[in-house]
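Enquirer: One structure, as structure tokens, below. Some questions next.
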Amino acid sequence: MEAQKVDMFIMTNGKYFESHQVVQIRERLLLMDDSKWGLIQTLQFKDPTTSLIVSLLGGSLGIDRFMIGDTGLGVGKLLTCGGMGIWAIIDWFMIMGATREKNMAKIQQVLY
Amino acid sequence: MSINRIKLYAILLIACLAGYIWLFYGMKKLHSEGNTFEVCLIKHTTNIPCPSCGSTRSVLSLIDGDPLKALYINPFGIIVASIMLITPVWILFDIITKKKTLFNFYRQTEIVLKKPKVSILLIVVVLINWIWNITKEL
């Protein structure tokens, strides 16, 4: 794929991934066939900042985990009142990374 | 799109262990002072009980052999108690037989829970239980 297209993708979507993953994604995209560009463009990613806000507000009900697709963990958080409050606080710091991991898993289905 | 097996089992085991320690201290305090600890963030900040407030008391009355009282305090307590009883045995079974039945079950459950019909139904159940919690003034 053309470097210009890839860099445009990285510029718009870079914030959805961990910094070390961005390099890897860029390399994979450069090697990829041009026909997949449309598919890559239409992918929807979850914003880590949004999930942080949700985690701050509804963390002890597990809503943040439900939102990023970790339904099982969400139920666990809901039933234990956010892991007695401890897990909820830990997730304030973990949820952004977890969201980026989810985004990475999503793009990996197209990349590989 | 899901967490790996080792991580899931570790989380479940740590949660169960923490739960048992929590229950042990809760039981000691309940029998000596007549109440349990309250750590719920929502209850402390807003004075409104959260959907799962009272599950400790519910599990404790289940241990004392009073399932009706457990059901009255918070029906979620019974779910929590059954999860705490079943998971460690299931994980042990998986480790001994080198299968991943629990992991597969977890992923299947996640897929079922993500269906809109199921999730809406469960959200309504949780909300009703929450309203009931507030009216009971747990």
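Letters A, B, ... mark the chains of the structure tokens in the order given; residue numbers begin at 1 per chain; ligand numbers begin at 1, in order shown.
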What's the 12 Å shell around Ile48 in chain B, counting only C-alpha atoms, without same-chain residues fewer than 4 positions away, as a ChimeraX atom specification?
Expert: /B:40-44,52-53,130-138
Enquirer: Using only C-alpha atoms, find each residue in chain B having at least one atom no more than 8 Å away from chain A; report its shortest atom-to-atom pair and that distance in Å (one decimal), rows by chain then rising number, as CSV.
Expert:
residue,atom,partner,partner_atom,distance
B:Met1,CA,A:Ala105,CA,5.8
B:Ser2,CA,A:Asp70,CA,7.3
B:Val39,CA,A:Met84,CA,6.2
B:Cys40,CA,A:Met84,CA,6.1
B:Leu41,CA,A:Gly85,CA,6.0
B:Ile42,CA,A:Ser60,CA,7.7
B:Cys50,CA,A:Cys81,CA,7.2
B:Pro51,CA,A:Cys81,CA,7.6
B:Ser52,CA,A:Leu79,CA,5.6
B:Cys53,CA,A:Cys81,CA,7.0
B:Ser55,CA,A:Thr80,CA,7.8
B:Phe76,CA,A:Leu79,CA,6.8
B:Val80,CA,A:Leu79,CA,7.0
B:Tyr106,CA,A:Gly72,CA,7.1
B:Thr109,CA,A:Gly72,CA,7.7
B:Glu110,CA,A:Thr71,CA,5.7
B:Leu113,CA,A:Thr71,CA,7.2
B:Lys114,CA,A:Thr71,CA,7.3
Enquirer: Would you output that residue set with C-alpha atoms, as a PDB file, in the first residue's frame?
Expert:
ATOM      1  CA  MET B   1     -11.236 -10.985  20.816  1.00  0.00           C
ATOM      2  CA  SER B   2     -11.103 -12.435  24.331  1.00  0.00           C
ATOM      3  CA  VAL B  39     -16.892  -0.750  51.345  1.00  0.00           C
ATOM      4  CA  CYS B  40     -19.316   0.058  48.524  1.00  0.00           C
ATOM      5  CA  LEU B  41     -18.182   3.263  46.779  1.00  0.00           C
ATOM      6  CA  ILE B  42     -21.671   4.139  45.537  1.00  0.00           C
ATOM      7  CA  CYS B  50     -25.885  -0.306  44.524  1.00  0.00           C
ATOM      8  CA  PRO B  51     -27.379  -3.325  42.685  1.00  0.00           C
ATOM      9  CA  SER B  52     -25.059  -5.734  44.466  1.00  0.00           C
ATOM     10  CA  CYS B  53     -25.156  -4.213  47.943  1.00  0.00           C
ATOM     11  CA  SER B  55     -24.540  -9.820  48.668  1.00  0.00           C
ATOM     12  CA  PHE B  76     -27.420 -11.908  43.645  1.00  0.00           C
ATOM     13  CA  VAL B  80     -22.175 -15.198  43.803  1.00  0.00           C
ATOM     14  CA  TYR B 106     -17.001 -18.672  29.566  1.00  0.00           C
ATOM     15  CA  THR B 109     -21.673 -17.442  27.877  1.00  0.00           C
ATOM     16  CA  GLU B 110     -20.150 -14.166  26.660  1.00  0.00           C
ATOM     17  CA  LEU B 113     -24.918 -12.485  26.898  1.00  0.00           C
ATOM     18  CA  LYS B 114     -24.054 -10.175  23.991  1.00  0.00           C
TER      19      LYS B 114
END
Enquirer: What is the CA of Ala98 in chain A to CA of Asp7 in chain A distance in Å?
Expert: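 CA of Asp7 in chain A lies 24.3 Å from CA of Ala98 in chain A.
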Enquirer: Neighbouring residues of Trp22 in chain B were defined as those with any atom within 12 Å, considering only C-alpha atoms; residues of the same chain fewer than 6 positions away were excluded. Please report them as a list in words.
Expert: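 Residues near the query, excluding close chain neighbours: Thr80, Gly83 and Met84 of chain A; Ile14, Ala15, Cys16, Lys28, Lys29, Leu30, Thr36, Phe37, Glu38, Val39, Ser55, Thr56, Arg57, Val59 and Leu60 of chain B.
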Enquirer: Identify, on the basis of only C-alpha atoms, every residue whose closest approach to Gly97 in chain A does not exceed 9 Å; exclude the query and any residue fewer than 6 positions from it along the same chain; express the result as a list in words.
Expert: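 Close residues of Gly97 in chain A: Phe17, Glu18 and Pro48 of chain A.
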Enquirer: Taking C-alpha atoms for each residue, export the selection above as a short mmCIF file (atom, residue, chain, number, x, y, z; two decimals), in the first residue's frame.
Expert:
data_model
loop_
_atom_site.label_atom_id
_atom_site.label_comp_id
_atom_site.auth_asym_id
_atom_site.auth_seq_id
_atom_site.Cartn_x
_atom_site.Cartn_y
_atom_site.Cartn_z
CA PHE A 17 -3.45 1.88 19.73
CA GLU A 18 -0.46 1.47 22.02
CA PRO A 48 -9.83 4.92 25.14
#
Enquirer: Using only C-alpha atoms, which of the listed residues (A:Leu52, A:Leu29, A:Ile63, A:Leu57) sits closest to Arg100 in chain A?
Expert: A:Leu52
Enquirer: Skipping near chain neighbours, those fewer than 4 positions away, what residues fall within 10 Å of Ile83 in chain B using only C-alpha atoms, listed as number ranges by chain?
Expert: A: 76; B: 12, 16, 77-79, 87-88
Enquirer: Would you mind writing down, as a PyMOL selection string, each residue of chain A that DSSP on the backbone assigns to alpha helix (DSSP H)?
Expert: chain A and resi 3-13+19-31+37-42+48-58+63-68+71-79+81-84+86-111
Enquirer: For the selection you just gave me, I'd like the residues written to a file as a tab-separated table (two decimals), in the first residue's frame, keeping C-alpha atoms.
Expert:
chain	number	residue	atom	x	y	z
A	3	ALA	CA	3.05	5.17	2.23
A	4	GLN	CA	0.87	8.27	1.97
A	5	LYS	CA	-2.35	6.31	2.57
A	6	VAL	CA	-0.81	4.37	5.45
A	7	ASP	CA	0.46	7.53	7.11
A	8	MET	CA	-2.98	9.09	6.77
A	9	PHE	CA	-4.50	6.06	8.49
A	10	ILE	CA	-1.89	6.22	11.28
A	11	MET	CA	-2.51	9.94	11.78
A	12	THR	CA	-6.26	9.54	12.18
A	13	ASN	CA	-6.27	6.28	14.13
A	19	SER	CA	2.59	3.32	20.70
A	20	HIS	CA	4.62	0.14	20.15
A	21	GLN	CA	1.73	-1.34	18.16
A	22	VAL	CA	1.56	1.66	15.81
A	23	VAL	CA	4.97	0.81	14.30
A	24	GLN	CA	3.92	-2.80	13.78
A	25	ILE	CA	0.59	-1.78	12.22
A	26	ARG	CA	2.37	0.64	9.88
A	27	GLU	CA	4.75	-2.05	8.65
A	28	ARG	CA	1.93	-4.52	8.06
A	29	LEU	CA	-0.15	-1.94	6.22
A	30	LEU	CA	2.75	-1.05	3.91
A	31	LEU	CA	3.09	-4.72	2.92
A	37	TRP	CA	-7.81	-0.28	1.92
A	38	GLY	CA	-11.59	0.15	1.86
A	39	LEU	CA	-12.06	-2.48	4.53
A	40	ILE	CA	-9.37	-0.94	6.75
A	41	GLN	CA	-10.95	2.50	6.38
A	42	THR	CA	-14.39	1.34	7.52
A	48	PRO	CA	-9.83	4.92	25.14
A	49	THR	CA	-10.80	8.32	26.58
A	50	THR	CA	-14.51	7.52	26.37
A	51	SER	CA	-13.99	4.23	28.16
A	52	LEU	CA	-12.01	6.07	30.86
A	53	ILE	CA	-14.93	8.46	31.42
A	54	VAL	CA	-17.37	5.54	31.57
A	55	SER	CA	-15.02	3.76	33.97
A	56	LEU	CA	-14.88	6.77	36.28
A	57	LEU	CA	-18.66	7.12	36.32
A	58	GLY	CA	-19.99	3.57	36.05
A	63	ILE	CA	-20.31	-0.75	32.53
A	64	ASP	CA	-16.79	0.04	31.22
A	65	ARG	CA	-16.03	-3.66	30.77
A	66	PHE	CA	-19.37	-4.30	29.08
A	67	MET	CA	-18.65	-1.41	26.73
A	68	ILE	CA	-15.31	-2.71	25.45
A	71	THR	CA	-18.94	-9.16	29.09
A	72	GLY	CA	-17.77	-11.88	31.47
A	73	LEU	CA	-15.55	-9.52	33.46
A	74	GLY	CA	-18.35	-6.95	33.42
A	75	VAL	CA	-20.73	-9.38	35.08
A	76	GLY	CA	-18.03	-10.14	37.64
A	77	LYS	CA	-17.62	-6.45	38.42
A	78	LEU	CA	-21.37	-5.90	38.63
A	79	LEU	CA	-21.96	-8.79	41.01
A	81	CYS	CA	-19.87	-4.07	43.33
A	82	GLY	CA	-16.72	-3.35	41.32
A	83	GLY	CA	-14.64	-5.94	43.17
A	84	MET	CA	-15.43	-4.25	46.49
A	86	ILE	CA	-10.74	-2.13	44.53
A	87	TRP	CA	-11.10	-3.55	41.03
A	88	ALA	CA	-13.06	-0.45	40.00
A	89	ILE	CA	-10.14	1.77	41.05
A	90	ILE	CA	-7.56	-0.52	39.38
A	91	ASP	CA	-9.62	-0.35	36.19
A	92	TRP	CA	-9.43	3.44	36.13
A	93	PHE	CA	-5.79	2.88	35.21
A	94	MET	CA	-6.19	-0.34	33.21
A	95	ILE	CA	-9.20	0.42	31.04
A	96	MET	CA	-7.42	2.63	28.48
A	97	GLY	CA	-4.82	-0.07	27.83
A	98	ALA	CA	-7.54	-2.72	27.69
A	99	THR	CA	-9.48	-0.69	25.11
A	100	ARG	CA	-6.35	-0.33	22.96
A	101	GLU	CA	-5.78	-4.09	23.18
A	102	LYS	CA	-9.35	-4.65	21.98
A	103	ASN	CA	-8.77	-2.27	19.04
A	104	MET	CA	-5.56	-4.12	18.20
A	105	ALA	CA	-7.41	-7.45	18.22
A	106	LYS	CA	-9.97	-5.94	15.87
A	107	ILE	CA	-7.44	-4.63	13.34
A	108	GLN	CA	-5.45	-7.86	13.54
A	109	GLN	CA	-8.39	-9.77	12.07
A	110	VAL	CA	-7.94	-7.70	8.90
A	111	LEU	CA	-4.14	-7.44	8.94
Enquirer: To one decimal place, how far is CA of Met1 in chain A from CA of Lys15 in chain A in Å?
Expert: 21.1 Å
Enquirer: List the neighbours of Leu102 in chain B out to 8 Å using only C-alpha atoms; skip same-chain residues closer than 5 positions along the sequence, and give me the result as a list in words.
Expert: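 My list of contacting residues is Trp90, Ile91 and Asp94 of chain B.
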Enquirer: Rank nothing, just name the residue among B:Ser58, B:Ile111, B:Asn129, B:Asn104 nearest to Asn4 in chain B, using only C-alpha atoms.
Expert: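 For Asn4 in chain B, the nearest of the given residues is B:Asn104.
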